[in-house]
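Enquirer: Have a peek at work.cif (mmCIF, C-alpha atoms and all ligand atoms).
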```cif
data_model
#
loop_
_atom_site.group_PDB
_atom_site.id
_atom_site.type_symbol
_atom_site.label_atom_id
_atom_site.label_comp_id
_atom_site.auth_asym_id
_atom_site.auth_seq_id
_atom_site.Cartn_x
_atom_site.Cartn_y
_atom_site.Cartn_z
ATOM 1 C CA MET M 1 151.164 78.141 127.049
ATOM 2 C CA PRO M 2 150.377 76.089 123.908
ATOM 3 C CA THR M 3 152.626 73.063 123.536
ATOM 4 C CA ASP M 4 152.737 73.045 119.734
ATOM 5 C CA TYR M 5 154.943 76.181 119.991
ATOM 6 C CA ALA M 6 153.399 77.541 116.771
ATOM 7 C CA HIS M 7 153.368 81.008 118.427
ATOM 8 C CA ILE M 8 157.184 81.050 118.167
ATOM 9 C CA GLN M 9 157.282 79.503 114.678
ATOM 10 C CA MET M 10 158.578 76.133 115.792
ATOM 11 C CA TYR M 11 158.311 73.301 113.275
ATOM 12 C CA GLN M 12 156.904 70.058 114.670
ATOM 13 C CA HIS M 13 158.676 66.829 113.655
ATOM 14 C CA ARG M 14 156.693 63.662 114.278
ATOM 15 C CA LEU M 15 158.623 60.723 115.739
ATOM 16 C CA GLY M 16 155.941 58.039 115.799
ATOM 17 C CA ASP M 17 153.758 58.969 118.788
ATOM 18 C CA ASP M 18 156.308 61.537 119.982
ATOM 19 C CA ALA M 19 157.218 65.014 118.819
ATOM 20 C CA PHE M 20 160.332 67.166 118.502
ATOM 21 C CA PHE M 21 160.397 70.839 117.581
ATOM 22 C CA SER M 22 162.906 73.000 115.742
ATOM 23 C CA GLY M 23 163.018 76.703 114.983
ATOM 24 C CA SER M 24 165.188 79.787 115.392
ATOM 25 C CA LEU M 25 165.928 82.422 117.987
ATOM 26 C CA PRO M 26 163.987 85.622 117.267
ATOM 27 C CA ALA M 27 166.049 88.445 115.762
ATOM 28 C CA ASP M 28 165.801 90.683 118.839
ATOM 29 C CA ILE M 29 167.740 88.214 120.996
ATOM 30 C CA ALA M 30 170.020 86.800 118.276
ATOM 31 C CA ILE M 31 173.636 86.298 119.357
ATOM 32 C CA GLY M 32 176.289 88.182 117.360
ATOM 33 C CA GLN M 33 179.981 87.457 116.972
ATOM 34 C CA ALA M 34 181.091 89.606 119.936
ATOM 35 C CA GLN M 35 178.624 87.859 122.275
ATOM 36 C CA LEU M 36 179.632 84.481 120.893
ATOM 37 C CA ASP M 37 183.280 85.258 121.636
ATOM 38 C CA ALA M 38 182.345 86.380 125.156
ATOM 39 C CA LEU M 39 180.360 83.180 125.727
ATOM 40 C CA TRP M 40 183.290 81.083 124.510
ATOM 41 C CA GLN M 41 185.502 82.752 127.125
ATOM 42 C CA LEU M 42 183.177 81.467 129.860
ATOM 43 C CA HIS M 43 184.124 77.830 129.404
ATOM 44 C CA PRO M 44 185.761 76.247 132.447
ATOM 45 C CA ALA M 45 189.472 75.466 132.292
ATOM 46 C CA ASP M 46 188.854 71.843 133.256
ATOM 47 C CA TYR M 47 186.506 69.152 132.081
ATOM 48 C CA HIS M 48 183.610 68.198 134.349
ATOM 49 C CA GLU M 49 183.927 64.672 135.765
ATOM 50 C CA ILE M 50 181.115 62.137 135.620
ATOM 51 C CA SER M 51 180.884 58.634 137.039
ATOM 52 C CA ILE M 52 180.368 55.684 134.659
ATOM 53 C CA HIS M 53 180.153 52.195 136.192
ATOM 54 C CA GLY M 54 181.933 53.546 139.282
ATOM 55 C CA ARG M 55 184.804 55.061 137.274
ATOM 56 C CA ARG M 56 185.475 58.796 137.138
ATOM 57 C CA VAL M 57 185.583 59.984 133.522
ATOM 58 C CA LYS M 58 186.126 63.485 132.120
ATOM 59 C CA THR M 59 183.379 64.704 129.778
ATOM 60 C CA PRO M 60 184.586 65.115 126.145
ATOM 61 C CA ARG M 61 183.523 68.790 126.099
ATOM 62 C CA TRP M 62 183.407 71.624 128.620
ATOM 63 C CA GLN M 63 180.242 72.018 130.666
ATOM 64 C CA GLN M 64 178.927 74.431 133.258
ATOM 65 C CA ALA M 65 175.553 74.737 135.007
ATOM 66 C CA TYR M 66 174.058 78.143 135.797
ATOM 67 C CA GLY M 67 171.090 78.998 137.997
ATOM 68 C CA MET M 68 170.351 75.498 139.312
ATOM 69 C CA ASP M 69 172.640 72.550 140.086
ATOM 70 C CA TYR M 70 172.336 69.738 137.560
ATOM 71 C CA HIS M 71 172.650 66.112 138.701
ATOM 72 C CA TYR M 72 173.559 63.597 135.981
ATOM 73 C CA THR M 73 175.671 60.513 135.409
ATOM 74 C CA GLY M 74 176.413 60.066 139.095
ATOM 75 C CA ARG M 75 177.716 63.602 139.686
ATOM 76 C CA THR M 76 176.505 67.126 140.328
ATOM 77 C CA ASN M 77 177.435 70.113 138.183
ATOM 78 C CA ARG M 78 177.364 72.939 140.751
ATOM 79 C CA ALA M 79 175.670 76.006 139.343
ATOM 80 C CA LEU M 80 177.157 79.465 139.034
ATOM 81 C CA PRO M 81 174.867 82.517 138.982
ATOM 82 C CA VAL M 82 173.259 83.143 135.570
ATOM 83 C CA PRO M 83 175.548 85.600 133.714
ATOM 84 C CA ASN M 84 173.909 88.745 132.289
ATOM 85 C CA ILE M 85 174.635 87.643 128.746
ATOM 86 C CA LEU M 86 172.311 84.612 129.173
ATOM 87 C CA GLU M 87 169.426 86.511 130.819
ATOM 88 C CA PRO M 88 167.585 87.459 127.574
ATOM 89 C CA LEU M 89 167.632 83.816 126.423
ATOM 90 C CA LEU M 90 166.330 82.582 129.787
ATOM 91 C CA HIS M 91 163.657 85.281 129.826
ATOM 92 C CA TRP M 92 162.483 84.426 126.292
ATOM 93 C CA SER M 93 162.446 80.668 126.989
ATOM 94 C CA LYS M 94 160.472 81.141 130.207
ATOM 95 C CA HIS M 95 157.897 83.431 128.625
ATOM 96 C CA GLN M 96 157.506 81.636 125.323
ATOM 97 C CA ILE M 97 158.248 77.954 126.038
ATOM 98 C CA HIS M 98 157.736 76.966 129.701
ATOM 99 C CA GLY M 99 157.321 79.203 132.738
ATOM 100 C CA GLN M 100 159.341 76.973 135.073
ATOM 101 C CA LEU M 101 162.574 76.843 133.045
ATOM 102 C CA ASN M 102 165.209 77.904 135.574
ATOM 103 C CA GLY M 103 168.403 75.896 134.999
ATOM 104 C CA ILE M 104 170.947 76.433 132.233
ATOM 105 C CA LEU M 105 173.710 74.053 131.212
ATOM 106 C CA LEU M 106 176.255 75.217 128.683
ATOM 107 C CA ASN M 107 178.248 72.767 126.563
ATOM 108 C CA TRP M 108 181.312 73.997 124.662
ATOM 109 C CA TYR M 109 182.498 71.882 121.708
ATOM 110 C CA ASP M 110 185.779 72.485 119.873
ATOM 111 C CA ALA M 111 186.211 70.409 116.692
ATOM 112 C CA ALA M 112 190.000 70.616 117.131
ATOM 113 C CA CYS M 113 189.565 68.687 120.418
ATOM 114 C CA ARG M 114 187.093 66.226 118.819
ATOM 115 C CA HIS M 115 184.461 67.187 121.394
ATOM 116 C CA TYR M 116 181.067 65.472 121.377
ATOM 117 C CA ILE M 117 178.230 64.305 123.617
ATOM 118 C CA GLY M 118 177.350 60.626 123.484
ATOM 119 C CA ARG M 119 173.966 59.005 123.197
ATOM 120 C CA HIS M 120 171.897 59.586 126.343
ATOM 121 C CA ARG M 121 168.546 60.543 127.788
ATOM 122 C CA ASP M 122 168.604 63.489 130.160
ATOM 123 C CA SER M 123 168.345 62.651 133.837
ATOM 124 C CA THR M 124 164.921 63.665 135.133
ATOM 125 C CA ARG M 125 166.082 63.908 138.767
ATOM 126 C CA ASN M 126 164.560 67.077 140.307
ATOM 127 C CA MET M 127 163.040 68.007 136.945
ATOM 128 C CA VAL M 128 159.511 69.374 136.701
ATOM 129 C CA VAL M 129 157.436 66.521 135.251
ATOM 130 C CA GLY M 130 156.138 67.471 131.818
ATOM 131 C CA ALA M 131 158.531 70.371 131.223
ATOM 132 C CA PRO M 132 160.472 70.281 127.944
ATOM 133 C CA ILE M 133 164.253 70.541 127.484
ATOM 134 C CA VAL M 134 165.310 73.473 125.303
ATOM 135 C CA THR M 135 168.574 73.612 123.348
ATOM 136 C CA ILE M 136 169.889 76.749 121.660
ATOM 137 C CA SER M 137 172.824 76.215 119.279
ATOM 138 C CA LEU M 138 175.476 78.830 118.642
ATOM 139 C CA GLY M 139 178.564 78.884 116.437
ATOM 140 C CA GLU M 140 179.431 76.206 113.905
ATOM 141 C CA THR M 141 176.885 73.693 112.640
ATOM 142 C CA ARG M 142 176.725 70.220 114.142
ATOM 143 C CA THR M 143 174.411 67.205 113.860
ATOM 144 C CA PHE M 144 171.885 66.682 116.653
ATOM 145 C CA ARG M 145 170.820 63.038 116.512
ATOM 146 C CA LEU M 146 167.753 61.420 118.068
ATOM 147 C CA ARG M 147 167.574 57.651 118.343
ATOM 148 C CA LYS M 148 164.749 55.527 119.621
ATOM 149 C CA TRP M 149 165.546 54.258 123.135
ATOM 150 C CA ARG M 150 166.294 50.548 122.667
ATOM 151 C CA GLY M 151 165.585 50.755 118.938
ATOM 152 C CA ASP M 152 167.233 51.461 115.577
ATOM 153 C CA GLU M 153 165.141 54.351 114.306
ATOM 154 C CA ARG M 154 167.153 57.544 114.056
ATOM 155 C CA HIS M 155 166.646 61.149 112.948
ATOM 156 C CA ASP M 156 169.367 63.752 112.340
ATOM 157 C CA PHE M 157 168.745 67.484 112.689
ATOM 158 C CA GLU M 158 171.056 70.317 111.664
ATOM 159 C CA ALA M 159 172.025 72.424 114.677
ATOM 160 C CA LYS M 160 173.019 75.767 113.123
ATOM 161 C CA HIS M 161 173.834 79.107 114.711
ATOM 162 C CA GLY M 162 170.560 80.298 116.261
ATOM 163 C CA THR M 163 168.711 76.973 116.000
ATOM 164 C CA VAL M 164 166.301 76.222 118.851
ATOM 165 C CA PHE M 165 165.241 72.660 119.611
ATOM 166 C CA ILE M 166 162.460 71.725 122.013
ATOM 167 C CA LEU M 167 162.554 68.172 123.320
ATOM 168 C CA PRO M 168 159.286 67.401 125.101
ATOM 169 C CA TYR M 169 159.532 65.585 128.445
ATOM 170 C CA ALA M 170 157.946 62.378 127.087
ATOM 171 C CA THR M 171 160.218 62.381 124.018
ATOM 172 C CA ASN M 172 163.284 62.492 126.296
ATOM 173 C CA LEU M 173 162.021 59.344 128.019
ATOM 174 C CA ARG M 174 161.570 57.420 124.753
ATOM 175 C CA TRP M 175 164.393 58.816 122.581
ATOM 176 C CA THR M 176 168.096 59.371 123.191
ATOM 177 C CA HIS M 177 169.936 62.410 121.881
ATOM 178 C CA GLU M 178 173.590 63.027 121.051
ATOM 179 C CA VAL M 179 175.913 65.370 119.165
ATOM 180 C CA PRO M 180 178.568 63.119 117.572
ATOM 181 C CA HIS M 181 181.986 64.314 116.438
ATOM 182 C CA PHE M 182 182.624 63.939 112.680
ATOM 183 C CA ALA M 183 185.939 64.454 110.846
ATOM 184 C CA ARG M 184 184.161 67.116 108.754
ATOM 185 C CA ASP M 185 183.362 69.243 111.836
ATOM 186 C CA ILE M 186 185.066 72.602 112.018
ATOM 187 C CA GLY M 187 185.360 75.338 114.617
ATOM 188 C CA ARG M 188 183.474 75.837 117.811
ATOM 189 C CA ARG M 189 179.925 75.266 118.918
ATOM 190 C CA ILE M 190 178.164 76.209 122.136
ATOM 191 C CA SER M 191 174.862 74.729 123.204
ATOM 192 C CA ILE M 192 172.736 76.503 125.771
ATOM 193 C CA THR M 193 170.356 73.986 127.294
ATOM 194 C CA LEU M 194 167.494 75.018 129.558
ATOM 195 C CA ARG M 195 165.597 72.788 131.952
ATOM 196 C CA ALA M 196 162.918 73.205 134.625
ATOM 197 C CA PHE M 197 164.044 72.012 138.055
ATOM 198 C CA LEU M 198 161.995 71.840 141.219
ATOM 199 C CA PRO M 199 163.125 74.403 143.794
ATOM 200 C CA ALA M 200 165.891 72.941 146.040
HETATM 201 O O1 LIG M 301 174.872 70.173 122.775
HETATM 202 C C1 LIG M 301 173.759 69.769 122.557
HETATM 203 O O2 LIG M 301 173.053 70.181 121.640
HETATM 204 C C2 LIG M 301 173.169 68.680 123.416
HETATM 205 C C3 LIG M 301 173.496 68.810 124.866
HETATM 206 C C4 LIG M 301 172.947 67.686 125.661
HETATM 207 O O3 LIG M 301 172.592 66.657 125.148
HETATM 208 C C5 LIG M 301 172.840 67.798 127.101
HETATM 209 O O4 LIG M 301 173.241 68.820 127.676
HETATM 210 O O5 LIG M 301 172.317 66.846 127.708
#
```
Any chance you could put this one into structure tokens?

Expert:
Amino acid sequence: MPTDYAHIQMYQHRLGDDAFFSGSLPADIAIGQAQLDALWQLHPADYHEISIHGRRVKTPRWQQAYGMDYHYTGRTNRALPVPNILEPLLHWSKHQIHGQLNGILLNWYDAACRHYIGRHRDSTRNMVVGAPIVTISLGETRTFRLRKWRGDERHDFEAKHGTVFILPYATNLRWTHEVPHFARDIGRRISITLRAFLPA
């Protein structure tokens, strides 16, 4: 599979020696309002807990893994089976972006709760070396921010309904990403993130 993703109309952003890609979901698998509402209903009742410097902290958004467990920030997000509604997105990502994508993590952000995700690099534990991380945005627009790991350089990208980002493996090692909360944020956003994990 080509890694410039031109075959799915992804735009390549240069970040020094690294790259980041943005584009849109194709129309045949676009998510409409009814599906968006159904996806919102899937969010867990409780916040996932992570471990920071030995302290248990609740994540400032809802999260749930599907398909493959996801280990990060000292804890494991135990996967549920992939719901039918996510199958077309997984199928498209696998066939068009990377054949080993098999794990999905959903993040639910409600502006009324000031939800966000802080600056981080994704854990590469159990990840297929070289596989990219894919993020599909649904719902209200937010800012997806990349910052150079241990540096000041920063780039903001608009995450709109239907936006697809591809973060190459090497870019995740050298750049952090985050979705800050701003006072101007309204409504709800869901991100569907896809990763390639080695079989358990
Ligand atoms: O919600 C997003 O777009 C980013 C999610 C994210 O950074 C993560 O799951 O590690």

Enquirer: With the PyMOL selection byres (((not hetatm)) within 10 of (chain M and resi 301)) as the selection, what would be picked from this file? Answer as a ChimeraX atom specification, please.

Expert: /M:61,63-65,70,72,104-109,116-123,133-138,142-145,159,163-165,176-180,189-195

Enquirer: To verify the selection step, state as a PDB file with C-alpha atoms, keeping the file's coordinate frame which residues the PyMOL selection byres (((chain M and resi 185) around 8) and not hetatm) yields on this input.

Expert:
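result_33.pdb was written with the following content:
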```pdb
ATOM      1  CA  ALA M 111     186.211  70.409 116.692  1.00  0.00           C
ATOM      2  CA  THR M 141     176.885  73.693 112.640  1.00  0.00           C
ATOM      3  CA  ARG M 142     176.725  70.220 114.142  1.00  0.00           C
ATOM      4  CA  HIS M 181     181.986  64.314 116.438  1.00  0.00           C
ATOM      5  CA  PHE M 182     182.624  63.939 112.680  1.00  0.00           C
ATOM      6  CA  ALA M 183     185.939  64.454 110.846  1.00  0.00           C
ATOM      7  CA  ARG M 184     184.161  67.116 108.754  1.00  0.00           C
ATOM      8  CA  ILE M 186     185.066  72.602 112.018  1.00  0.00           C
ATOM      9  CA  GLY M 187     185.360  75.338 114.617  1.00  0.00           C
TER      10      GLY M 187
END
```

Enquirer: Expressed in Å to a single decimal, how great is the separation between atom CA of Leu39 of chain M and atom CA of Asp69 of chain M?

Expert: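 A separation of 19.5 Å between them.
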
Enquirer: Pick the closest to Arg154 of chain M from M:Trp175, M:Phe21, M:Gln9, M:Arg14: which is it, counting all atoms listed in the file?

Expert: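 When distances to Arg154 of chain M are compared using all atoms listed in the file, the smallest one comes from M:Trp175.
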
Enquirer: Record the distance separating atom CA of Met1 of chain M and atom CA of Ile97 of chain M, expressed in Å with one decimal.

Expert: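 Taking atom CA of Met1 of chain M and atom CA of Ile97 of chain M, their separation equals 7.2 Å.
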
Enquirer: To one decimal place, how far is atom CA of Gln33 of chain M from atom CA of Lys58 of chain M in Å?

Expert: 29.0 Å

Enquirer: If we count all atoms listed in the file and set the cut-off at 12 Å, which residues sit around Ala38 of chain M, ignoring sequence neighbours fewer than 4 positions away in its own chain? Please answer as an mmCIF file with C-alpha atoms, keeping the file's coordinate frame.

Expert:
```
data_model
loop_
_atom_site.group_PDB
_atom_site.id
_atom_site.type_symbol
_atom_site.label_atom_id
_atom_site.label_comp_id
_atom_site.auth_asym_id
_atom_site.auth_seq_id
_atom_site.Cartn_x
_atom_site.Cartn_y
_atom_site.Cartn_z
ATOM 1 C CA ILE M 31 173.636 86.298 119.357
ATOM 2 C CA GLY M 32 176.289 88.182 117.360
ATOM 3 C CA GLN M 33 179.981 87.457 116.972
ATOM 4 C CA ALA M 34 181.091 89.606 119.936
ATOM 5 C CA LEU M 42 183.177 81.467 129.860
ATOM 6 C CA HIS M 43 184.124 77.830 129.404
ATOM 7 C CA PRO M 83 175.548 85.600 133.714
ATOM 8 C CA ASN M 84 173.909 88.745 132.289
ATOM 9 C CA ILE M 85 174.635 87.643 128.746
ATOM 10 C CA LEU M 86 172.311 84.612 129.173
ATOM 11 C CA ILE M 190 178.164 76.209 122.136
#
```

Enquirer: Might you spell out which residues the PyMOL selection byres (((chain M and resi 128) around 7) and not hetatm) would select in the displayed file, as a list in words?

Expert: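 Output of the PyMOL selection byres (((chain M and resi 128) around 7) and not hetatm): Asn126, Met127, Val129, Gly130, Ala131, Ala196, Phe197 and Leu198 of chain M.
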